[in-house]
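Enquirer: Structure below; questions to follow.
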Amino acid sequence: MHLATELVQLGVGYDSKTGAISTPIYQSATFRHPALGQSTGFEYSRTGNPTRQVLEEGLAGLEGGCRALALASGMAAITAVLCLFRPGDHLLVSEDLYGGTYRLLNQVAVPWGLEFSLVDTTDLAALAASIRNNTKGIFLETPTNPLMKITDIAAVVALARQRGLLTIMDNTFMTPYLQRPLELGADLVVHSATKYLGGHNDVVMGIAIAAREDLGEKLAFIQNTIGAIPGPQDCWLVIRGLKTLAVRLERAQASTLELARWLAEHPLVTRVYYPGLPDHPGHEICKKQASGFGAMLSFEVKHAELVEQILHRLKIISFAESLGGVESLITFPERQTHAEIPAEMRLKLGINDRLLRLSVGLEDFNDLKADLEQALAC
Ligand SMILES: *Cc1c(COP(=O)(O)O)cnc(C)c1O
């Protein structure tokens, strides 16, 4: 089956009793045992729920992993993965990182005894030089958020394997439809399912997927033990969202490429960050390791004063956090998603007071362009 078919068919045939095409929502906290020592396969919904199981098995298959676990949010999924490590362990992390992940590492994981260093993972020599005796893993985002830097996943995996480190990928921006890091040798993938997997700006959820059974079992133990699970209604929403993932991404990334080209020519735009543009430094690597360039772009405007004007004037594109939904959203990373990152680090990376990040949705391309055009007009 092609991935697009696998996505649409998710859950079909699960309910053999009634033949329901749509996966039933098993709104049950607990499950009756047929007799002593017998089980239907379900006992208690923290441990396992049939609706959640359809989602988890579907995602494990889509990412090419052996086990997927659904958690209450993307941050809960990343927390579950961090629970695989021990006090004293050190992680190497992409420096241009989702702000919430930075906050989790810095304010929760470090006080618990984990150590981490931010590194430019696009620079393999710098990455290799940052490995310490206690380094246990590399946590990557590619493309990064919000600067769309591209890391060569296979090259990082080769280094990690040589040094006995786990490779963890936050694949939120690309989804398994465009990029499958486990097939490139990564050990773990995490997602904010709030974004493209759910796809409709109506649910918050996270997914952790393991390449190997030992890691999958540990994660399942952590999921059941910490208990940060999503409810069956939310699992159903993500199952429904996944069915249209292929068409949503194809449409959104086609519009994104056109918008990136148009913005690059705009006199008030000084820079466009989109890996689909041939002059993007990661263009060739992205082409090699992914089947598309995604539907996220960032751009820098000429004057800081323009930012407020744009955010105020946009009518169709909403000024709101998040990404990956059918509705287009724009954010101001310096003040929103990346406010947690120290100012010095932000400036070094290029997250300045002129940078805006756009999540391109499914509205008509001409309407999106016209909306940006009037917002940018002097
Ligand atoms: C949103 C996001 C997260 C956090 O996910 P939540 O579902 O909001 O908890 C993590 N990583 C990336 C890349 C994100 O965009």
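Residues in the structure tokens are numbered from 1 in each chain, the chains being A, B, ... in the order shown, and ligands are numbered from 1 in the order shown.
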Under the rule of at most 10 Å, produce a per-residue listing of segment 89-186 of chain A near segment 322-331 of chain A: chain, number, name, the closest pair of atoms, and the distance in Å, as a Markdown table, using only C-alpha atoms.

Expert:
```
| residue | atom | partner | partner_atom | distance |
| --- | --- | --- | --- | --- |
| A:Pro146 | CA | A:Thr331 | CA | 9.7 |
| A:Thr172 | CA | A:Gly324 | CA | 8.8 |
| A:Phe173 | CA | A:Gly324 | CA | 7.8 |
| A:Met174 | CA | A:Gly324 | CA | 9.6 |
| A:Thr175 | CA | A:Gly324 | CA | 9.9 |
```

Enquirer: How would the residues just chosen look if you wrote them out with N, CA, C and O atoms as an mmCIF file, in the first residue's frame?

Expert:
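In the end it all went to again.cif:
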```cif
data_model
loop_
_atom_site.group_PDB
_atom_site.id
_atom_site.type_symbol
_atom_site.label_atom_id
_atom_site.label_comp_id
_atom_site.auth_asym_id
_atom_site.auth_seq_id
_atom_site.Cartn_x
_atom_site.Cartn_y
_atom_site.Cartn_z
ATOM 1 N N PRO A 146 12.315 28.196 14.186
ATOM 2 C CA PRO A 146 11.606 28.634 12.984
ATOM 3 C C PRO A 146 12.510 28.872 11.773
ATOM 4 O O PRO A 146 12.049 29.368 10.767
ATOM 5 N N THR A 172 7.714 16.640 13.827
ATOM 6 C CA THR A 172 6.450 17.381 13.754
ATOM 7 C C THR A 172 6.279 18.144 12.441
ATOM 8 O O THR A 172 5.203 18.123 11.839
ATOM 9 N N PHE A 173 7.338 18.818 11.990
ATOM 10 C CA PHE A 173 7.214 19.683 10.809
ATOM 11 C C PHE A 173 7.013 18.890 9.518
ATOM 12 O O PHE A 173 6.432 19.404 8.577
ATOM 13 N N MET A 174 7.529 17.675 9.443
ATOM 14 C CA MET A 174 7.474 16.933 8.188
ATOM 15 C C MET A 174 6.406 15.840 8.147
ATOM 16 O O MET A 174 5.853 15.565 7.095
ATOM 17 N N THR A 175 6.140 15.211 9.264
ATOM 18 C CA THR A 175 5.219 14.071 9.363
ATOM 19 C C THR A 175 5.766 12.865 8.585
ATOM 20 O O THR A 175 6.590 13.041 7.679
#
```

Enquirer: So which residues touch Asp214 of chain A within 12 Å, counting only C-alpha atoms, skipping near sequence neighbours fewer than 3 positions away, as number ranges by chain?

Expert: A: 65-67, 84, 187-188, 209-211, 217-221

Enquirer: For the contact check between chain A and ligand 1, emit one row per residue of chain A within 10 Å, containing the shortest atom pair and the distance in Å rounded to one decimal, counting only C-alpha atoms and all ligand atoms, chain then rising number order, as CSV.

Expert:
```
residue,atom,partner,partner_atom_place_in_ligand_line,distance
A:Leu71,CA,ligand 1,7 (O),9.2
A:Ala72,CA,ligand 1,7 (O),7.8
A:Ser73,CA,ligand 1,7 (O),4.1
A:Gly74,CA,ligand 1,5 (O),3.3
A:Met75,CA,ligand 1,9 (O),3.9
A:Ala76,CA,ligand 1,9 (O),6.5
A:Ala77,CA,ligand 1,9 (O),7.8
A:Ile78,CA,ligand 1,10 (C),7.6
A:Thr79,CA,ligand 1,9 (O),9.9
A:Leu97,CA,ligand 1,13 (C),7.5
A:Tyr98,CA,ligand 1,13 (C),5.3
A:Gly99,CA,ligand 1,10 (C),8.2
A:Gly100,CA,ligand 1,4 (C),6.3
A:Thr101,CA,ligand 1,10 (C),6.4
A:Tyr102,CA,ligand 1,10 (C),9.8
A:Leu140,CA,ligand 1,13 (C),9.8
A:Glu141,CA,ligand 1,13 (C),6.9
A:Thr142,CA,ligand 1,13 (C),8.9
A:Pro143,CA,ligand 1,13 (C),9.0
A:Thr144,CA,ligand 1,13 (C),7.6
A:Asn145,CA,ligand 1,13 (C),6.4
A:Pro146,CA,ligand 1,13 (C),9.1
A:Met169,CA,ligand 1,13 (C),9.7
A:Asp170,CA,ligand 1,13 (C),6.1
A:Asn171,CA,ligand 1,13 (C),7.1
A:Thr172,CA,ligand 1,13 (C),5.1
A:Phe173,CA,ligand 1,13 (C),6.2
A:Met174,CA,ligand 1,13 (C),9.5
A:Val190,CA,ligand 1,11 (N),8.0
A:His191,CA,ligand 1,11 (N),6.5
A:Ser192,CA,ligand 1,5 (O),4.1
A:Ala193,CA,ligand 1,7 (O),6.1
A:Thr194,CA,ligand 1,7 (O),4.8
A:Lys195,CA,ligand 1,1 (C),6.7
A:Tyr196,CA,ligand 1,15 (O),9.5
A:Val203,CA,ligand 1,7 (O),8.5
A:Val204,CA,ligand 1,7 (O),5.1
A:Met205,CA,ligand 1,7 (O),5.1
A:Gly206,CA,ligand 1,7 (O),5.5
A:Ile207,CA,ligand 1,7 (O),9.0
A:Glu321,CA,ligand 1,1 (C),8.6
A:Ser322,CA,ligand 1,1 (C),6.1
A:Leu323,CA,ligand 1,15 (O),7.0
A:Gly324,CA,ligand 1,15 (O),8.6
A:Thr337,CA,ligand 1,1 (C),8.6
```

Enquirer: How would the residues just chosen look if you wrote them out with N, CA and C atoms as a tab-separated table (two decimals), in the first residue's frame?

Expert:
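Written output follows (result.tsv):
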```
chain	number	residue	atom	x	y	z
A	71	LEU	N	0.44	10.29	23.66
A	71	LEU	CA	0.52	11.00	24.94
A	71	LEU	C	-0.31	12.28	24.87
A	72	ALA	N	-0.50	12.90	26.04
A	72	ALA	CA	-1.47	13.98	26.14
A	72	ALA	C	-1.11	15.22	25.34
A	73	SER	N	0.16	15.40	25.00
A	73	SER	CA	0.59	16.55	24.19
A	73	SER	C	1.97	16.22	23.62
A	74	GLY	N	2.42	17.06	22.72
A	74	GLY	CA	3.78	16.89	22.21
A	74	GLY	C	4.79	16.96	23.34
A	75	MET	N	4.57	17.89	24.27
A	75	MET	CA	5.51	18.01	25.39
A	75	MET	C	5.49	16.76	26.27
A	76	ALA	N	4.31	16.14	26.44
A	76	ALA	CA	4.24	14.91	27.23
A	76	ALA	C	5.01	13.78	26.51
A	77	ALA	N	4.95	13.77	25.17
A	77	ALA	CA	5.68	12.75	24.41
A	77	ALA	C	7.19	12.95	24.58
A	78	ILE	N	7.63	14.21	24.53
A	78	ILE	CA	9.06	14.48	24.70
A	78	ILE	C	9.49	14.17	26.14
A	79	THR	N	8.62	14.47	27.10
A	79	THR	CA	8.91	14.13	28.51
A	79	THR	C	9.06	12.61	28.67
A	97	LEU	N	15.69	25.34	18.36
A	97	LEU	CA	14.79	24.31	18.89
A	97	LEU	C	13.44	24.89	19.28
A	98	TYR	N	12.40	24.06	19.22
A	98	TYR	CA	11.08	24.48	19.71
A	98	TYR	C	11.24	25.01	21.15
A	99	GLY	N	10.70	26.19	21.41
A	99	GLY	CA	10.88	26.86	22.70
A	99	GLY	C	10.43	26.02	23.89
A	100	GLY	N	9.33	25.28	23.72
A	100	GLY	CA	8.81	24.46	24.82
A	100	GLY	C	9.76	23.32	25.16
A	101	THR	N	10.45	22.78	24.17
A	101	THR	CA	11.40	21.69	24.42
A	101	THR	C	12.60	22.25	25.17
A	102	TYR	N	13.02	23.45	24.78
A	102	TYR	CA	14.12	24.11	25.50
A	102	TYR	C	13.73	24.33	26.97
A	140	LEU	N	17.12	15.87	17.63
A	140	LEU	CA	17.15	16.68	16.41
A	140	LEU	C	15.78	17.19	16.01
A	141	GLU	N	15.78	18.38	15.43
A	141	GLU	CA	14.62	18.84	14.66
A	141	GLU	C	15.17	19.14	13.27
A	142	THR	N	14.53	18.67	12.25
A	142	THR	CA	14.88	19.07	10.89
A	142	THR	C	13.67	18.94	9.99
A	143	PRO	N	13.22	20.04	9.37
A	143	PRO	CA	13.73	21.40	9.48
A	143	PRO	C	13.55	21.94	10.90
A	144	THR	N	14.42	22.87	11.28
A	144	THR	CA	14.29	23.46	12.61
A	144	THR	C	13.21	24.52	12.60
A	145	ASN	N	12.85	24.88	13.81
A	145	ASN	CA	11.77	25.80	14.07
A	145	ASN	C	12.36	27.03	14.75
A	146	PRO	N	12.31	28.20	14.19
A	146	PRO	CA	11.61	28.63	12.98
A	146	PRO	C	12.51	28.87	11.77
A	169	MET	N	14.31	12.11	16.94
A	169	MET	CA	13.91	13.13	15.98
A	169	MET	C	12.53	13.68	16.32
A	170	ASP	N	12.42	14.98	16.39
A	170	ASP	CA	11.10	15.61	16.46
A	170	ASP	C	10.67	15.81	15.01
A	171	ASN	N	9.74	14.99	14.56
A	171	ASN	CA	9.35	14.98	13.14
A	171	ASN	C	8.05	15.76	12.88
A	172	THR	N	7.71	16.64	13.83
A	172	THR	CA	6.45	17.38	13.75
A	172	THR	C	6.28	18.14	12.44
A	173	PHE	N	7.34	18.82	11.99
A	173	PHE	CA	7.21	19.68	10.81
A	173	PHE	C	7.01	18.89	9.52
A	174	MET	N	7.53	17.67	9.44
A	174	MET	CA	7.47	16.93	8.19
A	174	MET	C	6.41	15.84	8.15
A	190	VAL	N	9.45	11.69	17.79
A	190	VAL	CA	8.35	12.29	18.54
A	190	VAL	C	7.61	13.27	17.64
A	191	HIS	N	6.33	13.46	17.97
A	191	HIS	CA	5.48	14.38	17.23
A	191	HIS	C	4.63	15.19	18.18
A	192	SER	N	4.39	16.42	17.80
A	192	SER	CA	3.25	17.12	18.36
A	192	SER	C	2.13	16.81	17.38
A	193	ALA	N	1.22	15.91	17.76
A	193	ALA	CA	0.09	15.54	16.88
A	193	ALA	C	-0.92	16.68	16.79
A	194	THR	N	-0.73	17.67	17.66
A	194	THR	CA	-1.53	18.91	17.62
A	194	THR	C	-1.41	19.57	16.25
A	195	LYS	N	-0.31	19.33	15.57
A	195	LYS	CA	0.01	20.04	14.34
A	195	LYS	C	-0.56	19.26	13.13
A	196	TYR	N	0.30	18.76	12.24
A	196	TYR	CA	-0.21	18.17	11.00
A	196	TYR	C	-1.02	16.88	11.20
A	203	VAL	N	-7.20	19.82	18.50
A	203	VAL	CA	-6.83	18.80	19.48
A	203	VAL	C	-5.35	18.97	19.85
A	204	VAL	N	-5.02	18.73	21.11
A	204	VAL	CA	-3.63	18.75	21.55
A	204	VAL	C	-3.22	17.32	21.87
A	205	MET	N	-2.16	16.83	21.24
A	205	MET	CA	-1.72	15.45	21.49
A	205	MET	C	-0.27	15.26	21.07
A	206	GLY	N	0.37	14.24	21.62
A	206	GLY	CA	1.74	13.93	21.24
A	206	GLY	C	1.89	12.45	20.95
A	207	ILE	N	2.92	12.10	20.17
A	207	ILE	CA	3.18	10.71	19.82
A	207	ILE	C	4.68	10.45	20.00
A	321	GLU	N	-0.47	31.10	17.84
A	321	GLU	CA	0.53	30.06	17.98
A	321	GLU	C	0.00	28.78	17.32
A	322	SER	N	0.90	27.88	17.08
A	322	SER	CA	0.63	26.57	16.49
A	322	SER	C	0.81	26.59	14.97
A	323	LEU	N	0.62	25.43	14.37
A	323	LEU	CA	0.92	25.24	12.96
A	323	LEU	C	0.31	23.92	12.50
A	324	GLY	N	0.33	23.71	11.20
A	324	GLY	CA	-0.04	22.40	10.67
A	324	GLY	C	-1.53	22.15	10.55
A	337	THR	N	6.63	31.68	20.40
A	337	THR	CA	7.13	30.30	20.54
A	337	THR	C	8.55	30.24	21.08
```

Enquirer: Any chance you could list, as number ranges by chain, the residues in segment 145-264 of chain A that come up alpha helix (DSSP H) when DSSP is run on the backbone?

Expert: A: 153-162, 175-178, 213-226, 232-243, 245-264

Enquirer: Could you give me, as an MDAnalysis selection string, the residues within 9 Å of Leu259 of chain A, counting only C-alpha atoms and dropping anything in the same chain fewer than 6 positions from it?

Expert: chainID A and resid 297 360 365 368:369

Enquirer: Taking all heavy atoms for each residue, export the selection above as a PDB file, in the first residue's frame.

Expert:
```
ATOM      1  N   LEU A 297       7.087  28.203   6.503  1.00  0.00           N
ATOM      2  CA  LEU A 297       8.153  29.098   6.051  1.00  0.00           C
ATOM      3  C   LEU A 297       8.272  30.250   7.023  1.00  0.00           C
ATOM      4  O   LEU A 297       7.316  30.583   7.727  1.00  0.00           O
ATOM      5  CB  LEU A 297       7.924  29.577   4.616  1.00  0.00           C
ATOM      6  CG  LEU A 297       6.828  30.575   4.289  1.00  0.00           C
ATOM      7  CD1 LEU A 297       7.234  32.019   4.593  1.00  0.00           C
ATOM      8  CD2 LEU A 297       6.504  30.497   2.800  1.00  0.00           C
ATOM      9  N   VAL A 360       1.274  27.547   6.446  1.00  0.00           N
ATOM     10  CA  VAL A 360       0.366  27.713   5.310  1.00  0.00           C
ATOM     11  C   VAL A 360      -0.718  26.637   5.357  1.00  0.00           C
ATOM     12  O   VAL A 360      -0.426  25.446   5.428  1.00  0.00           O
ATOM     13  CB  VAL A 360       1.150  27.661   3.976  1.00  0.00           C
ATOM     14  CG1 VAL A 360       0.211  27.838   2.796  1.00  0.00           C
ATOM     15  CG2 VAL A 360       2.244  28.735   3.964  1.00  0.00           C
ATOM     16  N   PHE A 365      -4.669  29.767  -2.652  1.00  0.00           N
ATOM     17  CA  PHE A 365      -3.374  30.448  -2.690  1.00  0.00           C
ATOM     18  C   PHE A 365      -3.512  31.941  -2.982  1.00  0.00           C
ATOM     19  O   PHE A 365      -2.870  32.780  -2.347  1.00  0.00           O
ATOM     20  CB  PHE A 365      -2.459  29.777  -3.726  1.00  0.00           C
ATOM     21  CG  PHE A 365      -1.298  30.639  -4.117  1.00  0.00           C
ATOM     22  CD1 PHE A 365      -0.237  30.836  -3.237  1.00  0.00           C
ATOM     23  CD2 PHE A 365      -1.267  31.292  -5.343  1.00  0.00           C
ATOM     24  CE1 PHE A 365       0.824  31.653  -3.576  1.00  0.00           C
ATOM     25  CE2 PHE A 365      -0.213  32.109  -5.686  1.00  0.00           C
ATOM     26  CZ  PHE A 365       0.835  32.294  -4.802  1.00  0.00           C
ATOM     27  N   LEU A 368      -4.489  33.883   0.050  1.00  0.00           N
ATOM     28  CA  LEU A 368      -3.393  34.004   1.023  1.00  0.00           C
ATOM     29  C   LEU A 368      -2.409  35.074   0.565  1.00  0.00           C
ATOM     30  O   LEU A 368      -1.956  35.919   1.342  1.00  0.00           O
ATOM     31  CB  LEU A 368      -2.675  32.658   1.197  1.00  0.00           C
ATOM     32  CG  LEU A 368      -3.489  31.547   1.857  1.00  0.00           C
ATOM     33  CD1 LEU A 368      -2.696  30.243   1.873  1.00  0.00           C
ATOM     34  CD2 LEU A 368      -3.881  31.936   3.287  1.00  0.00           C
ATOM     35  N   LYS A 369      -2.079  35.043  -0.725  1.00  0.00           N
ATOM     36  CA  LYS A 369      -1.132  36.010  -1.272  1.00  0.00           C
ATOM     37  C   LYS A 369      -1.704  37.430  -1.155  1.00  0.00           C
ATOM     38  O   LYS A 369      -1.006  38.355  -0.716  1.00  0.00           O
ATOM     39  CB  LYS A 369      -0.844  35.663  -2.740  1.00  0.00           C
ATOM     40  CG  LYS A 369       0.222  36.530  -3.364  1.00  0.00           C
ATOM     41  CD  LYS A 369       0.459  36.130  -4.803  1.00  0.00           C
ATOM     42  CE  LYS A 369       0.511  37.388  -5.655  1.00  0.00           C
ATOM     43  NZ  LYS A 369       0.375  37.120  -7.071  1.00  0.00           N
TER      44      LYS A 369
END
```

Enquirer: Point out the residue among A:Ala29, A:Leu147, A:Ile239, A:Leu362 with the least atom-to-atom distance to Pro275 of chain A, counting only C-alpha atoms.

Expert: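 Under the stated criterion, the closest residue is A:Leu147.
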
Enquirer: Quick one: DSSP strand (DSSP E or B) residues in segment 71-288 of chain A, as number ranges by chain?

Expert: A: 71, 90-94, 115-119, 135-141, 166-170, 188-192, 206-210, 269-273

Enquirer: Could those selected residues go to a file with N, CA, C and O atoms, as a compact mmCIF listing (two decimals), in the first residue's frame?

Expert:
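Okay, this is what ended up in part_18.txt:
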```
# COMPACT_ATOMS: atom_id res chain seq x y z
N LEU A 71 0.44 10.29 23.66
CA LEU A 71 0.52 11.00 24.94
C LEU A 71 -0.31 12.28 24.87
O LEU A 71 -0.78 12.67 23.80
N HIS A 90 23.90 13.07 29.44
CA HIS A 90 24.04 14.32 28.68
C HIS A 90 23.44 14.13 27.29
O HIS A 90 23.62 13.08 26.68
N LEU A 91 22.71 15.13 26.83
CA LEU A 91 22.10 15.08 25.48
C LEU A 91 22.62 16.23 24.63
O LEU A 91 22.84 17.34 25.15
N LEU A 92 22.77 15.97 23.35
CA LEU A 92 23.07 17.04 22.38
C LEU A 92 21.77 17.38 21.68
O LEU A 92 21.04 16.48 21.24
N VAL A 93 21.48 18.67 21.58
CA VAL A 93 20.17 19.11 21.13
C VAL A 93 20.35 20.19 20.05
O VAL A 93 21.21 21.06 20.20
N SER A 94 19.51 20.14 19.00
CA SER A 94 19.54 21.18 17.95
C SER A 94 19.38 22.55 18.60
O SER A 94 18.46 22.77 19.39
N GLU A 115 21.79 16.58 31.72
CA GLU A 115 22.59 17.69 31.17
C GLU A 115 22.32 17.76 29.68
O GLU A 115 22.04 16.75 29.05
N PHE A 116 22.41 18.97 29.13
CA PHE A 116 22.27 19.07 27.68
C PHE A 116 23.10 20.23 27.14
O PHE A 116 23.40 21.17 27.88
N SER A 117 23.49 20.13 25.86
CA SER A 117 24.19 21.21 25.17
C SER A 117 23.44 21.50 23.88
O SER A 117 22.99 20.57 23.19
N LEU A 118 23.32 22.77 23.57
CA LEU A 118 22.72 23.16 22.29
C LEU A 118 23.83 23.21 21.26
O LEU A 118 24.87 23.82 21.48
N VAL A 119 23.61 22.54 20.13
CA VAL A 119 24.63 22.55 19.07
C VAL A 119 23.97 22.75 17.71
O VAL A 119 22.79 22.44 17.53
N THR A 135 27.58 11.56 27.27
CA THR A 135 26.56 11.83 26.26
C THR A 135 25.84 10.54 25.89
O THR A 135 26.49 9.52 25.62
N LYS A 136 24.49 10.59 25.90
CA LYS A 136 23.72 9.37 25.64
C LYS A 136 22.79 9.50 24.44
O LYS A 136 22.27 8.49 23.95
N GLY A 137 22.56 10.73 23.99
CA GLY A 137 21.61 10.87 22.87
C GLY A 137 21.74 12.19 22.15
O GLY A 137 22.33 13.15 22.66
N ILE A 138 21.20 12.21 20.92
CA ILE A 138 21.14 13.43 20.11
C ILE A 138 19.67 13.68 19.79
O ILE A 138 18.98 12.77 19.30
N PHE A 139 19.20 14.87 20.11
CA PHE A 139 17.80 15.23 19.86
C PHE A 139 17.77 16.25 18.73
O PHE A 139 18.33 17.33 18.85
N LEU A 140 17.12 15.87 17.63
CA LEU A 140 17.15 16.68 16.41
C LEU A 140 15.78 17.19 16.01
O LEU A 140 14.78 16.49 16.15
N GLU A 141 15.78 18.38 15.43
CA GLU A 141 14.62 18.84 14.66
C GLU A 141 15.17 19.14 13.27
O GLU A 141 16.18 19.83 13.16
N LEU A 166 21.74 7.36 21.25
CA LEU A 166 20.41 7.26 20.64
C LEU A 166 20.14 8.51 19.81
O LEU A 166 20.50 9.62 20.22
N THR A 167 19.50 8.34 18.65
CA THR A 167 19.08 9.50 17.87
C THR A 167 17.57 9.65 18.02
O THR A 167 16.81 8.72 17.75
N ILE A 168 17.16 10.83 18.45
CA ILE A 168 15.74 11.14 18.65
C ILE A 168 15.38 12.27 17.70
O ILE A 168 16.08 13.28 17.66
N MET A 169 14.31 12.11 16.94
CA MET A 169 13.91 13.13 15.98
C MET A 169 12.53 13.68 16.32
O MET A 169 11.59 12.90 16.49
N ASP A 170 12.42 14.98 16.39
CA ASP A 170 11.10 15.61 16.46
C ASP A 170 10.67 15.81 15.01
O ASP A 170 11.19 16.69 14.32
N LEU A 188 14.25 6.92 17.79
CA LEU A 188 12.96 7.38 18.31
C LEU A 188 12.48 8.59 17.53
O LEU A 188 13.30 9.43 17.12
N VAL A 189 11.18 8.66 17.32
CA VAL A 189 10.57 9.84 16.69
C VAL A 189 9.52 10.38 17.65
O VAL A 189 8.79 9.59 18.28
N VAL A 190 9.45 11.69 17.79
CA VAL A 190 8.35 12.29 18.54
C VAL A 190 7.61 13.27 17.64
O VAL A 190 8.17 13.79 16.67
N HIS A 191 6.33 13.46 17.97
CA HIS A 191 5.48 14.38 17.23
C HIS A 191 4.63 15.19 18.18
O HIS A 191 4.15 14.66 19.18
N SER A 192 4.39 16.42 17.80
CA SER A 192 3.25 17.12 18.36
C SER A 192 2.13 16.81 17.38
O SER A 192 2.08 17.36 16.27
N GLY A 206 0.37 14.24 21.62
CA GLY A 206 1.74 13.93 21.24
C GLY A 206 1.89 12.45 20.95
O GLY A 206 1.08 11.62 21.40
N ILE A 207 2.92 12.10 20.17
CA ILE A 207 3.18 10.71 19.82
C ILE A 207 4.68 10.45 20.00
O ILE A 207 5.50 11.28 19.61
N ALA A 208 5.01 9.30 20.57
CA ALA A 208 6.41 8.86 20.60
C ALA A 208 6.45 7.51 19.90
O ALA A 208 5.61 6.64 20.16
N ILE A 209 7.40 7.34 18.98
CA ILE A 209 7.49 6.09 18.21
C ILE A 209 8.90 5.52 18.34
O ILE A 209 9.89 6.26 18.20
N ALA A 210 8.97 4.23 18.62
CA ALA A 210 10.26 3.57 18.82
C ALA A 210 10.57 2.66 17.64
O ALA A 210 9.69 1.98 17.12
N VAL A 269 10.61 42.44 2.01
CA VAL A 269 11.03 41.18 2.63
C VAL A 269 12.52 41.00 2.37
O VAL A 269 12.97 41.02 1.23
N THR A 270 13.30 40.87 3.45
CA THR A 270 14.75 40.79 3.28
C THR A 270 15.26 39.35 3.21
O THR A 270 16.35 39.09 2.72
N ARG A 271 14.46 38.40 3.73
CA ARG A 271 14.92 37.02 3.73
C ARG A 271 13.75 36.06 3.83
O ARG A 271 12.80 36.34 4.56
N VAL A 272 13.84 34.95 3.10
CA VAL A 272 12.81 33.92 3.21
C VAL A 272 13.51 32.61 3.57
O VAL A 272 14.51 32.24 2.94
N TYR A 273 13.02 31.96 4.60
CA TYR A 273 13.57 30.67 5.01
C TYR A 273 12.59 29.58 4.59
O TYR A 273 11.54 29.40 5.23
```

Enquirer: Which residues come within 12 Å of Gly292 of chain A, counting only C-alpha atoms, excluding same-chain residues fewer than 3 positions away, as a VMD selection string?

Expert: chain A and resid 143 173 to 180 246 249 to 254 256 to 257 274 to 277 283 to 289 295 to 296

Enquirer: Write out as an MDAnalysis selection string the residues lying within 12 Å of Glu305 of chain A, counting only C-alpha atoms and excluding same-chain residues fewer than 6 positions away.

Expert: chainID A and resid 268 311:312 353:355 376 378

Enquirer: Deliver the residues from the most recent selection as a file, using N, CA, C and O atoms, as a tab-separated table (two decimals), in the first residue's frame.

Expert:
```tsv
chain	number	residue	atom	x	y	z
A	268	LEU	N	9.84	44.57	0.54
A	268	LEU	CA	9.90	44.77	2.00
A	268	LEU	C	10.30	43.49	2.76
A	268	LEU	O	10.33	43.48	3.98
A	311	LEU	N	0.71	41.91	11.52
A	311	LEU	CA	-0.10	41.11	12.43
A	311	LEU	C	-1.48	41.74	12.63
A	311	LEU	O	-2.48	41.04	12.79
A	312	HIS	N	-1.52	43.06	12.59
A	312	HIS	CA	-2.78	43.79	12.78
A	312	HIS	C	-3.66	43.71	11.53
A	312	HIS	O	-4.88	43.58	11.62
A	353	ASP	N	13.56	40.62	15.82
A	353	ASP	CA	12.27	41.34	15.88
A	353	ASP	C	11.69	41.64	14.50
A	353	ASP	O	10.74	42.39	14.38
A	354	ARG	N	12.26	41.04	13.45
A	354	ARG	CA	11.73	41.22	12.09
A	354	ARG	C	11.30	39.88	11.47
A	354	ARG	O	10.92	39.81	10.32
A	355	LEU	N	11.39	38.82	12.28
A	355	LEU	CA	11.12	37.48	11.75
A	355	LEU	C	9.69	37.01	12.06
A	355	LEU	O	9.26	37.05	13.21
A	376	LEU	N	1.37	43.85	3.92
A	376	LEU	CA	2.73	44.36	3.74
A	376	LEU	C	2.76	45.75	3.08
A	376	LEU	O	3.81	46.41	3.10
A	378	CYS	N	2.72	49.56	2.11
A	378	CYS	CA	3.11	50.75	2.89
A	378	CYS	C	1.90	51.67	3.06
A	378	CYS	O	1.10	51.78	2.19
```

Enquirer: So which one's closest to Thr51 of chain A, A:Gln233, A:Gln9, A:Thr121, A:Asn201? Using only C-alpha atoms, please.

Expert: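 Using only C-alpha atoms, Thr51 of chain A sits closest to A:Gln233.
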
Enquirer: Choose the residue, out of A:Asn352, A:Met345, A:Asp120, A:Gly282, that has the smallest atom-to-atom separation from Ala304 of chain A; count only C-alpha atoms.

Expert: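 Closest to Ala304 of chain A, using only C-alpha atoms: A:Asn352.
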
Enquirer: List the neighbours of Arg52 of chain A out to 9 Å using only C-alpha atoms; skip same-chain residues closer than 5 positions along the sequence, and give me the result as a PyMOL selection string.

Expert: chain A and resi 25-26+45+57+69-70+230-232+234-236

Enquirer: Write the residues of the preceding selection, restricted to N, CA and C atoms, as a compact mmCIF listing (two decimals), in the first residue's frame.

Expert:
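Output below, filename out.txt:
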```txt
# COMPACT_ATOMS: atom_id res chain seq x y z
N ILE A 25 -15.48 5.22 19.19
CA ILE A 25 -14.84 5.89 20.33
C ILE A 25 -15.20 5.08 21.57
N TYR A 26 -14.22 4.37 22.10
CA TYR A 26 -14.46 3.54 23.28
C TYR A 26 -14.30 4.39 24.53
N SER A 45 -8.07 2.03 30.90
CA SER A 45 -7.73 2.88 29.75
C SER A 45 -6.42 3.66 29.86
N GLU A 57 -1.20 1.94 16.64
CA GLU A 57 -0.73 0.95 15.67
C GLU A 57 -0.60 1.57 14.28
N LEU A 69 3.32 5.30 20.90
CA LEU A 69 2.56 5.59 22.10
C LEU A 69 1.97 6.99 21.99
N ALA A 70 0.67 7.10 22.25
CA ALA A 70 0.03 8.41 22.21
C ALA A 70 0.09 9.03 23.61
N PRO A 230 -3.81 10.60 26.19
CA PRO A 230 -4.94 11.33 25.62
C PRO A 230 -6.22 10.52 25.78
N GLY A 231 -7.37 11.20 25.79
CA GLY A 231 -8.65 10.50 25.88
C GLY A 231 -9.06 9.94 24.52
N PRO A 232 -10.03 8.99 24.53
CA PRO A 232 -10.45 8.35 23.28
C PRO A 232 -11.04 9.32 22.25
N ASP A 234 -10.14 12.40 21.70
CA ASP A 234 -9.02 13.07 21.04
C ASP A 234 -8.29 12.11 20.09
N CYS A 235 -8.17 10.85 20.50
CA CYS A 235 -7.53 9.87 19.61
C CYS A 235 -8.34 9.74 18.33
N TRP A 236 -9.66 9.75 18.45
CA TRP A 236 -10.52 9.65 17.27
C TRP A 236 -10.30 10.87 16.34
```
